[in-house]
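This report refers to the structure that appears directly beneath it.
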Amino acid sequence: MGMGRVVAAYGNMVTVAFEGSVRQNEVAYILAADGSRLKSEVIRVRGERCNVQVFEDTRDIQVGDQVEFTGNLLVVELGPGLLTQIYDGLQNPLPKLSQATGLFLKRGIYIDPLDREAKWDFTPTAKVGAWIEAGDILGWVPEGKFQHQIFVPFDFIGRAEIVKMAEKGFYTVADTVAEVKDEDGKLHKLTMMQVWPIKIPLKLYQERLLPDQPLVTGCRVIDSFFPVAKGGTACIPGPFGSGKTVLQQQISRYAEVDVIIVAACGERAGEVVETLREFPHLEDPYTGGTLMDRTIIICNTSSMPVAAREASIYTAITLGEYYRQMGLNVLILADSTSRWAQALREMSGRLEEIPGEEAFPAYLQSRIAEFYERAGFVRLKDGRTGSVSVIGTVSPAGGNFEEPVTQGTLAVVGAFLGLTWARSNARRFPAIDPLISWSKYPEQMKESLAKVDPHWVEIIRAAQKFIHQGSEIKKRMDVVGEEGTSIGDFLIYLKAEFLDSVYLQQNAFDAVDAYNTMERQAYSFRMVEKILKKDIAAKDKDDARDIFFRLTALFKNWNASAWQGDEFKRFESQINDFLRG
Amino acid sequence: MREIITKIDEITGNIATLKAAGVGLGELALLQSPGRETLGQVISLNGDNVTVQVFGGTKGISTNDKVRFLGHPMMVKYGNALLGRIFNGSGVPIDGGPEPVEEEIPIGGPSFNPANRVIPKQMIRTNIPMIDVFNSLVVSQKLPIFSIPGEPYNQLLARVGMQAEADIIVLGGMGLKFDDYTFFKRTFEESGVMNRVIMFIHLASDPVVECLLVPDMALAVAERFAESGKRVLVLLTDMTNFSDSLKEISISMEQIPSNRGYPGDLYSQLAARYEKAVDIEGSGDITILAVTTMPGDDVTHPIPDNTGYITEGQFYLRHGVIDPFGSLSRLKQNVVSKATRRDHNDVMNTMIRLYSDCRESRNKIAMGFKVSKWDETLLAYGQDFERELMDLNVNMPIEVALDRCWAILARHFEPVQTGLKDELVKEFWPAQ
C-alpha cells in the first residue's frame with residue numbers, strides 16, 4: 001500500500017506528496033488529526049504530487065497528515081441485497097448509518113453496503129468440472145420477485161475449472177460458494193459478492209442492440225408523442241417550479257421495468273423523503289409487491305459532500321449494469337445531472353483548469369456523453385437481453401436551454417422532454433412542451449409500435465402537426481383577434497387545444513388518470529383522432545367553443561374512469577353519440 | 001499555549017497569508033493589532049503557507065501583527081441565556097449585555113441524514129391570510145420571499161416572527177441597514193416576543209466576511225434547540241447580501257467565476273444553509289423563511305434562480321402584497337384540508353381562480369374592450385379580496401380568514417357561479 005503526506009489543502013481538494021506509485025482515480029484515505037479516515041480519490045498526478053478530491057468535510061486537515069493509498073479504484077459492492085436499499089453516493093447504507101451516527105451524518109464512517117449477516121437461499125447451477133470465465137453464472141438466490149444470479153466476478157482474468165461447488169442452502173454474501181482452479185493451477189474462492197469500479201462501464205455482454213422496444217412510463221405525452229426506448233436515454237430539462245419532481249416521481253412509480261434506480265443527486269432531501277417513506281406502502285402496478293421491492297435509492301442530496309455527488313451518478317449506473325447482466329430491464333432516474341455537472345465544475349475550478357463556457361470544464365460534454373452511453377439494450381452471452389435506460393433531469397440556470405449542460409445533454413440523448421414555464425404557469429401538466437420536445441425513437445421502434453396500431457407512427461406524426469398548426473393560428477389570433485380568424489382556422493385551433501387538454505395533459509394526482517397502459521393510450525388516442533378528423537358543424541365561434549368545452553369535459557371524465565368499467569363505457573357511448581351526431 | 005506568529009506575508013482583500021505549522025483547515029486564528037482584535041479562519045493550506053480569511057477585515061492590519069491559532073473552528077454559544085440577546089457576525093453581544101456563559105458549539109455542522117427525515121404534516125400559523133390560506137407554511141419548510149429592494153419584506157418577516165407559532169425565533173440579519181436592525185429590535189421588544197428571539201446581526205457597515213457567518217451561527221443554534229424539542233423559526237434577511245459576500249470573497253481568492261461573477265458553488269453554499277430546515281421525528285423542528293431581493297426584479301438572476309431550485313416554493317412580494325400567482329408553497333398539499341378545515345382546499349382554489357378571472361377583466365378594461373355584467377361582478381370581488389385578505393395588515397387566524405372568504409364569495413356571487421361543491425356550499429355558505 002502506497003503512503004503519502006498532505007502538503008496543501010483548499011476546500012475539498014488536497015494535494016499529497018506520495019512515495020512510489022499511484023494510480024489515477026485510485027482511492028486514498030486521509031488520516032485526520034481526530035482519527036477519522038477520510039475517503040478520497042486521486043484526480044490528477046503531477047510529478048511526485050497528486051491531487052485528491054475528498055468525499056467528506058475537510059475540516060481539521062493539516063499539512064503533514066498521513067495518506068494511505070489503497071491501489072483500488074472507487075468501487076461498488078455487487079451482490080444480493082441491493083434492492084430496497086437507500087445508499088449515499090458512495091454506497092453507504094443511510095438507514096444503518098443513522099443507527100451508527102444518529103440524526104446527523106458523521107464524516108469518515110463507512111458501512112458495508114451489503115449486509116454480511118443476511119443469509120440467502122443459494123441454488124447452484126454450475127457443476128464441478130465445468131470451465132468458467134468472468135460473468136458466467138454459478139447459481140442464483142431469490143431476491144424479491146427475481147432470481148438474483150450469482151456471477152463469476154466480472155474482473156476474473158482467464159478461464160478456470162470449478163473444483164468445488166456449495167450445496168443448495170443458506171449462505172451469507174461473504175461465504176464461499178465455489179472454488180475454482182485457474183489455468184496456472186491457482187485456487188480461487190468465489191463468494192456471492194464482488195466489486196466493480198464505478199467509472200468503468202461493465203461491458204460483459206455479447207453485443208449491443210438497437211433499442212427497439214418502448215419503455216412504457218404510463219405518461220401519455222411521453223409514451224405516445226415522445227417515447228423512450230428500453231435501453232434508450234432521455235433528458236428532462238426544466239426551470240424550477242415546472243414540475244420536474246412530480247414527473248420524475250410519476251415515472252419512478254409507473255414505468256414498466258424490472259428495477260428502478262433513483263439517483264437523487266444534489267437535489268432537495270425533502271423530495272427523496274417522499275419516495276423513501278411512501279414507496280414501501282405503494283403497490284407495484286406490475287407485480288403486486290410494494291414499489292420499494294424493485295427500487296434502489298442513491299441519495300446524495302444538496303447539502304451532502306459535493307465530491308460524493310459526482311460519484312453518485314456512477315454508483316447508480318453501475319448498479320443498473322449489474323442487474324442488466326441478469327437479463328432485467330433497469331431504469332435509472334438521475335435527478336439532477338446539472339448538480340453533478342456543478343460538482344465537476346467546482347473541482348475543475350480548484351484544479352485551476354482553464355474554464356469553458358460558464359466556467360464548466362472543457363471536458364463536460366465528453367463526461368456527459370460517457371455517462372449516457374452506458375445506457376443500452378444488450379444481448380447477453382446466454383442469448384437473453386437486458387437493458388439500462390437513463391432518464392436524466394437537467395436544471396438549466398434561469399430556465400435557459402442554451403446553457404452548456406442542457407446543450408451537452410441534448411447532443412447525446414435519444415429524447416428531449418422540455419418543460420417550460422409557459423406550460424406550467426398555464427397549469428398544463430405535465431409541462432412537457434410539445435412544440436420543442438422530440439424523440440428519435442419512434443423510427444427505430446416502428447415494428448414494436450405497429451403492435452399497438454399498424455399506423456401508429458404516422459397518426460402520431462399527424463397529431464403533432466396539428467399541435468404546431470394550432471399554435472401558429474393562436475399566434476396569428478393574438479395579433480388580429482378572433483374576429484380576424486376564419487371559422488376553419490378557429491376550429492383547427494380548438495381541436496389542437498382539445499388534443500392538448502384531453503391527451504397531452506394528464507392529472508398526476510388522479511388515481512386513474514395518473515397512469516395509462518399503452519393499450520389504453522392507443523384506445524383513447526383513436527377516439528381523440530376521430531374528433532380531430534370530424535367536420536364540426538358550428539354555427540359561429542361561440543358555438544364552436546361551447547362544443548369543445550363540452551367535449552373536453554366529457555373526455556376528462558372518461559380519462560378519470562377506470563379502464564373498461566361502467567363509468568368508462570357510459571362516457572364512451574356519450575362520445576360516440578357525439579361522433580354520430 | 002500555541003506559538004504566536006508575528007509576521008504576515010501577504011494581505012489582499014480580506015485575506016492574509018502567513019507561515020505556520022500544525023494548523024488545520026477551518027481553524028480559527030486571532031489577529032491582534034494594537035488596540036484591536038479580530039478573528040480569522042483558515043481557508044487554505046499550502047506547505048507552510050496558511051491563508052486566513054479575516055472576519056473583521058484587513059484594514060489597518062500590519063505585517064508584524066500578532067497571530068495566534070486557537071486550535072478549534074468557529075464556535076457559537078448555545079443555551080437559554082441566548083434568548084432575548086443580540087450578537088454580531090462574530091458572535092459578540094452588541095446589545096450592551098454581558099457575554100453569555102454557555103456551552104460553545106461548532107458552526108456549519110454536518111448534514112442531516114436523509115433517511116431520518118419524515119414527511120412534514122403540520123402547519124405553522126402566521127395569521128397572515130395570504131400565507132395561511134393560500135400558501136400555507138409547513139413545519140420544516142424552507143421558503144424564500146422574492147422581492148424587489150423597495151418592498152416591505154422586513155416588515156413582513158417581522159410580522160411572521162411576532163405571530164408565528166414557534167417556541168424560538170432566530171433572526172439572521174445580513175447586510176442589514178441600521179434602520180432595519182432598529183426596526184426589528186423595536187418590533188420584537190414592543191410586541192413582547194423578544195424573550196424568545198435570538199438575533200445575529202451583520203450590519204451593512206460591518207466587515208463582509210462576518211456576513212458569511214451569520215446564517216451558520218443562526219442555524220447552528222437553531223439546530224441545537226430543535227434537537228432539544230423546540231419549534232424553531234429561522235428568519236434570514238437578506239440572502240442576496242450573503243451571496244454577494246460569497247462572490248466578493250471568491251473573487252479575492254482568485255476563483256474562476258461561473259455566472260455573473262458568482263462562484264460555481266453558489267448552489268451548494270445556499271443549499272448547505274437551506275437544507276438545515278428539518279422536522280426531527282419525535283423532537284423539534286426548524287423552518288426557514290428567508291428574504292432574497294431580486295436584483296432588477298429578475299427571477300433568472302443567479303441568486304433567486306439557484307434559490308428556487310433549493311427551496312420548497314417561494315413568496316413573491318410585489319406592490320406591497322404577496323402575489324397569489326407566482327407564489328407557491330410546495331408543501332401545502334401536506335396540510336391543506338388535512339391539518340386545516342376541510343373546506344380549505346376548495347375555497348383556496350376557487351378564490352384564486354375567480355381572482356385570476358378578475359385580473360383578466362381588468363386587462364380587458366385596460367385594452368378598451370366592453371365590460372360585461374360578469375366583469376363588473378369580478379371587479380367588485382377583486383377589490384374586496386385585495387382589501388380584506390391580500391392587504392399585508394390583515395391579521396386573523398385561518399378559521400376567521402376562511403369564513404371571510406365565504407363572506408366575500410357570498411357578497412358577490414351565487415353559489416353556482418363559484419363552482420364550489422354542493423356539500424360545502426350547504427355547510428359553509430353564509431345565510432343571507
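Just remember, in the C-alpha cells the first chain shown is A, the second B, etc., residues are 1-based per chain, and ligands are 1-based in the order shown.
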
Chain A near chain B within 7 Å: what's each residue's closest atom pair and its distance in Å to one decimal, counting only C-alpha atoms, ordered by chain then ascending residue number, as CSV?
residue,atom,partner,partner_atom,distance
A:Val7,CA,B:Gly47,CA,5.2
A:Ala8,CA,B:Asn46,CA,4.0
A:Ala9,CA,B:Leu45,CA,4.9
A:Tyr10,CA,B:Ser44,CA,4.5
A:Thr58,CA,B:Leu25,CA,6.9
A:Arg59,CA,B:Leu25,CA,5.1
A:Asp60,CA,B:Gly24,CA,4.2
A:Ile61,CA,B:Gly24,CA,5.0
A:Gln62,CA,B:Gly24,CA,4.4
A:Val63,CA,B:Gly47,CA,6.5
A:Leu94,CA,B:Ala115,CA,5.8
A:Pro95,CA,B:Ala115,CA,5.5
A:Ser98,CA,B:Asn113,CA,6.7
A:Leu103,CA,B:Asn113,CA,5.9
A:Phe104,CA,B:Phe112,CA,4.4
A:Leu105,CA,B:Asn113,CA,5.3
A:Lys106,CA,B:Pro110,CA,6.6
A:Phe240,CA,B:Tyr309,CA,5.3
A:Arg268,CA,B:Ile310,CA,6.2
A:Ala269,CA,B:Pro114,CA,5.9
A:Val273,CA,B:Arg117,CA,6.3
A:Glu274,CA,B:Ile119,CA,6.5
A:Ser302,CA,B:Ala271,CA,5.8
A:Ser303,CA,B:Ala272,CA,4.4
A:Met304,CA,B:Ser111,CA,6.1
A:Gln342,CA,B:Gly264,CA,7.0
A:Arg345,CA,B:Gly264,CA,6.7
A:Glu346,CA,B:Gly264,CA,5.9
A:Gly349,CA,B:Ile256,CA,6.2
A:Glu358,CA,B:Ser258,CA,4.8
A:Ala359,CA,B:Ser258,CA,4.7
A:Ala397,CA,B:Asp305,CA,6.6
A:Gly398,CA,B:Thr300,CA,4.1

Exercise: stretch 367-383 of chain B partners within 9 Å, only C-alpha atoms, chain neighbours under 5 positions left out, as a PyMOL selection string = chain B and resi 354-362+388+408-409+411-413

Identify all residues of stretch 101-284 of chain B in alpha helix (DSSP H) (DSSP on the backbone) and supply them as JSON, numbers by chain.
-> {"B": [129, 130, 131, 132, 153, 154, 155, 156, 157, 158, 159, 160, 161, 162, 163, 178, 179, 180, 181, 182, 183, 184, 185, 186, 187, 188, 189, 190, 208, 209, 210, 211, 212, 213, 214, 215, 216, 217, 218, 219, 220, 221, 222, 223, 224, 225, 226, 227, 239, 240, 241, 242, 243, 244, 245, 246, 247, 248, 249, 250, 251, 252, 266, 267, 268, 269, 270, 271, 272, 273, 274]}

Name the residues in contact with A:Gly488 at a cut-off of 10 Å, using only C-alpha atoms, excluding same-chain residues fewer than 4 positions from it; report them as a PyMOL selection string.
-> chain A and resi 492-494+535-536+541

From atom CA of A:Ser448 to atom CA of A:Val257 the spacing works out at 16.4 Å
